[in-house]
Every structure is written in structure tokens, then in C-alpha cells.
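The structure under discussion appears below in the form of C-alpha cells.
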Amino acid sequence: MPGMTAQEPDNNLETGPGTPAGDTQSSSPVEGVSPGGSRRKRVLTALLIYITAIFIVGIFAFFQGRRTNVLQNQEELIQALDEQYQLGITDLEAGRFAVARQRFEAVIQFDPEYPGAEDALVEALIHLDVPTLTPTPRATATPDPSPPDQLFADAKTAISAGDWDTVINKLLSLRGKDPEYEQIKVDGYLYIALRNRGMDLISQGQMEEGLYNLSLAEQFGPLDRDALFRRTLAQQYLLANSFIGLNWGRAAELFAGLCEQGATSDACPKFADAAWKYGDQLWNAGDPCGADAQYGASLDAYIYPELEPTADKAAEVCETATAPPPQPTATPTPTETPTPDGGGGNGDGGGDGEG
């Protein structure tokens, strides 16, 4: 309409009811938080979850791979130990005792409980005449209330008398009261007593106890040649004794050397018994000569009068079996004897007459 101004826009239509006119600021869905800040928070949360997931997966993969490597290494170690053990057995059977010893010691170093390795090592050491060392706990002494000076004097008196048990008990009691008292002399006396007691026990046939005492003595000083030799015999005795009833031939073989050396008072009877039992096995297997050899060795080592008839029978059968077959007697062929009227003779005679 003329004279009227153009109608201005109605801001109420855009701001909505209840919004003051001229207020153009938009309201946020969450009071006090802008849409941009909420979006950044969601991104950071997702990123944190992602990193955490990667970390967990990485840790799991690490331990899984480590476990796989451990299992693989264990399998390789077991395979290597098996190979070394079998090679050691081959060396042992071929007489390469030094190499066999190294293999068995390596196996035991990684697996002390490996089946058969310790026995095989003992056998190799026996052939090499090298003693084995078995860790053993220290002995405990009977408490003695005497003062250190008296204990030391009693130990010296017992050494002179060869009473090794008293020496050991007195000195261990002394060591418990005053570890620094005459330390060098006490160690030397303990060595002497333990060494001699071990030797005595072995000579009496108490092998395990003797080896135990020699092992204790070795903690105070190296064993001398006689002690090492006696310990080797004890180890061989125990090894030979382990074959009794299981392998009479092997038992007889090992006890034969012990009997020759007079290792113990029962070495020869044990050899005689093992040899006789091995002879019985050979007899039953149809080898009378082998049985005869074992029976003879048995009776040479120990006299069994009641078994002599059996040995005589085996010797007789062996002699019969090995005797050469009888040679056939040649029948002489008759030679032709000329007769007085033979034709050859007449011709000669006629010729002479005519001449």
C-alpha cells in the first residue's frame, strides 16, 4: 500500500516460540558440551581401545611364540640327548671308553635322571680306572659337652688308636662349637679318619657305606692312589652285583677281576657262583665246551666238591664232541705172486736150455 514501508522479517518464525527475538545462538544437545568436543572424545576413546587391543594381541602372540620356541627347544634337546646316549653306547661297546665317558657326562649334565646314563657312565669309568664322585650330605656328629681343647685332644688320641668313629664324632662336635678352632688340623684329621673308615668298610664288603665315607673325605682333600683304587673296586663290585640273577655271564666277567685282585672276602665265592650259573645256561643251550670252561673256572676259584661230578660230565661230553672223527682203516690189496710154472718162467727157462 502506498506510503507504507516493507514489512520486516519476523524472527520469531526462525527462533521458535519462547526464544527472545534477536537471539540467534543455537542451543547444544548436551548442555555445556559442544558437538566438536564430544566427537573428539569418541575418537580418543576408540583410539585407546584400538591400542589396548593391539597391545593385548601382541602380548598373547609373544607368549605363544615363546611357548612354541620352548617346546621346540625341549624337543631338540631331548633328541640331542637321545643321540648322544646311543652314540655313547656304541663307543662303549667298541672300547672307546674315554669318548663314551664324555658323552654320558654331557647327557647327565643336562638330565641327571636320564635312564641308563649313570650306569653306563660308571661302566665307562671302570674301564678307564677313573673313580666317580657322587655328592653326599655331610655326616652329623653326636653332641659332646666337652670343651674344644678336650675334644681336640680326644680326637688325637683316637687317631693313634685307629678309632675312626670316635675321631669323626669328636671333631664334628668341635667344629660345631668353634668352627675356627685349629681349622687346618681339624680338616686334616677328618680327612684321615673318613678316608680310613671308608677303606675299612669297603674291605669288609660294605660298599655303599665305604663309598659314602670316601666321598666325605674328598671334601677335605684329594684321595690318594690306594683310596681311588679301592673306590673303583667298590664301584665295580656294586655294578657286578647288580647283574646277579639277571645276567650271569656279565656278573661272572666282572667278579672275575675282583676275585683276582682280592677286592673283598666274598668276591671269589660270588664269581664261582656266577660262573657256575652261567655254565648251567651254556649246558642247557647245547654248548658243553662253554659249560666246561665255566665249571672249571668256578671250581678253580672256590671248591664245591658236590659239583665236581657235573663238571667231569661236561668235560667228557666236550671231549667227545670235539674229538676228530675216526679215520677209516685201509684194506691192503693182495699183490700177484708168480708161480714156478708160470709162463714167463718157462719161456726164460726154455731159452736158457736151448742156448
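Naming scheme: A, B, ... for chains in displayed order of the C-alpha cells; residues 1 onward per chain; ligands 1 onward as shown.
Around Cys318 of chain A, within 7 Å and counting only C-alpha atoms, the residues found are Pro288, Cys289, Ala314, Ala315, Ala321 and Thr322 of chain A, once anything fewer than 3 positions away on its own chain is removed.
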Distance query Pro309 of chain A at most 12 Å, only C-alpha atoms, self and fewer than 3 positions along chain excluded, as a CSV table (one decimal) with C-alpha atoms, in the first residue's frame:
chain,number,residue,atom,x,y,z
A,292,ASP,CA,83.1,-127.0,30.9
A,295,TYR,CA,82.6,-125.0,35.5
A,296,GLY,CA,86.4,-125.3,35.6
A,299,LEU,CA,85.9,-124.8,40.8
A,304,TYR,CA,82.5,-127.2,45.6
A,305,PRO,CA,83.1,-130.9,46.0
A,306,GLU,CA,79.5,-131.7,45.3
A,312,ASP,CA,83.5,-134.0,34.9
A,313,LYS,CA,80.5,-134.9,32.9
A,314,ALA,CA,80.7,-131.6,30.9
A,315,ALA,CA,84.4,-132.2,30.3
A,316,GLU,CA,83.7,-135.7,29.0
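Among the candidates A:Glu319, A:Ala124, A:Arg40, A:Pro112, the residue lying nearest to Thr90 of chain A is A:Ala124 (atoms considered: only C-alpha atoms).
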message = Given only C-alpha atoms as the basis, pick out the residue of A:Gln281, A:Ser215, A:Gln102, A:Gln86 nearest to Gly249 of chain A.
response = A:Gln281
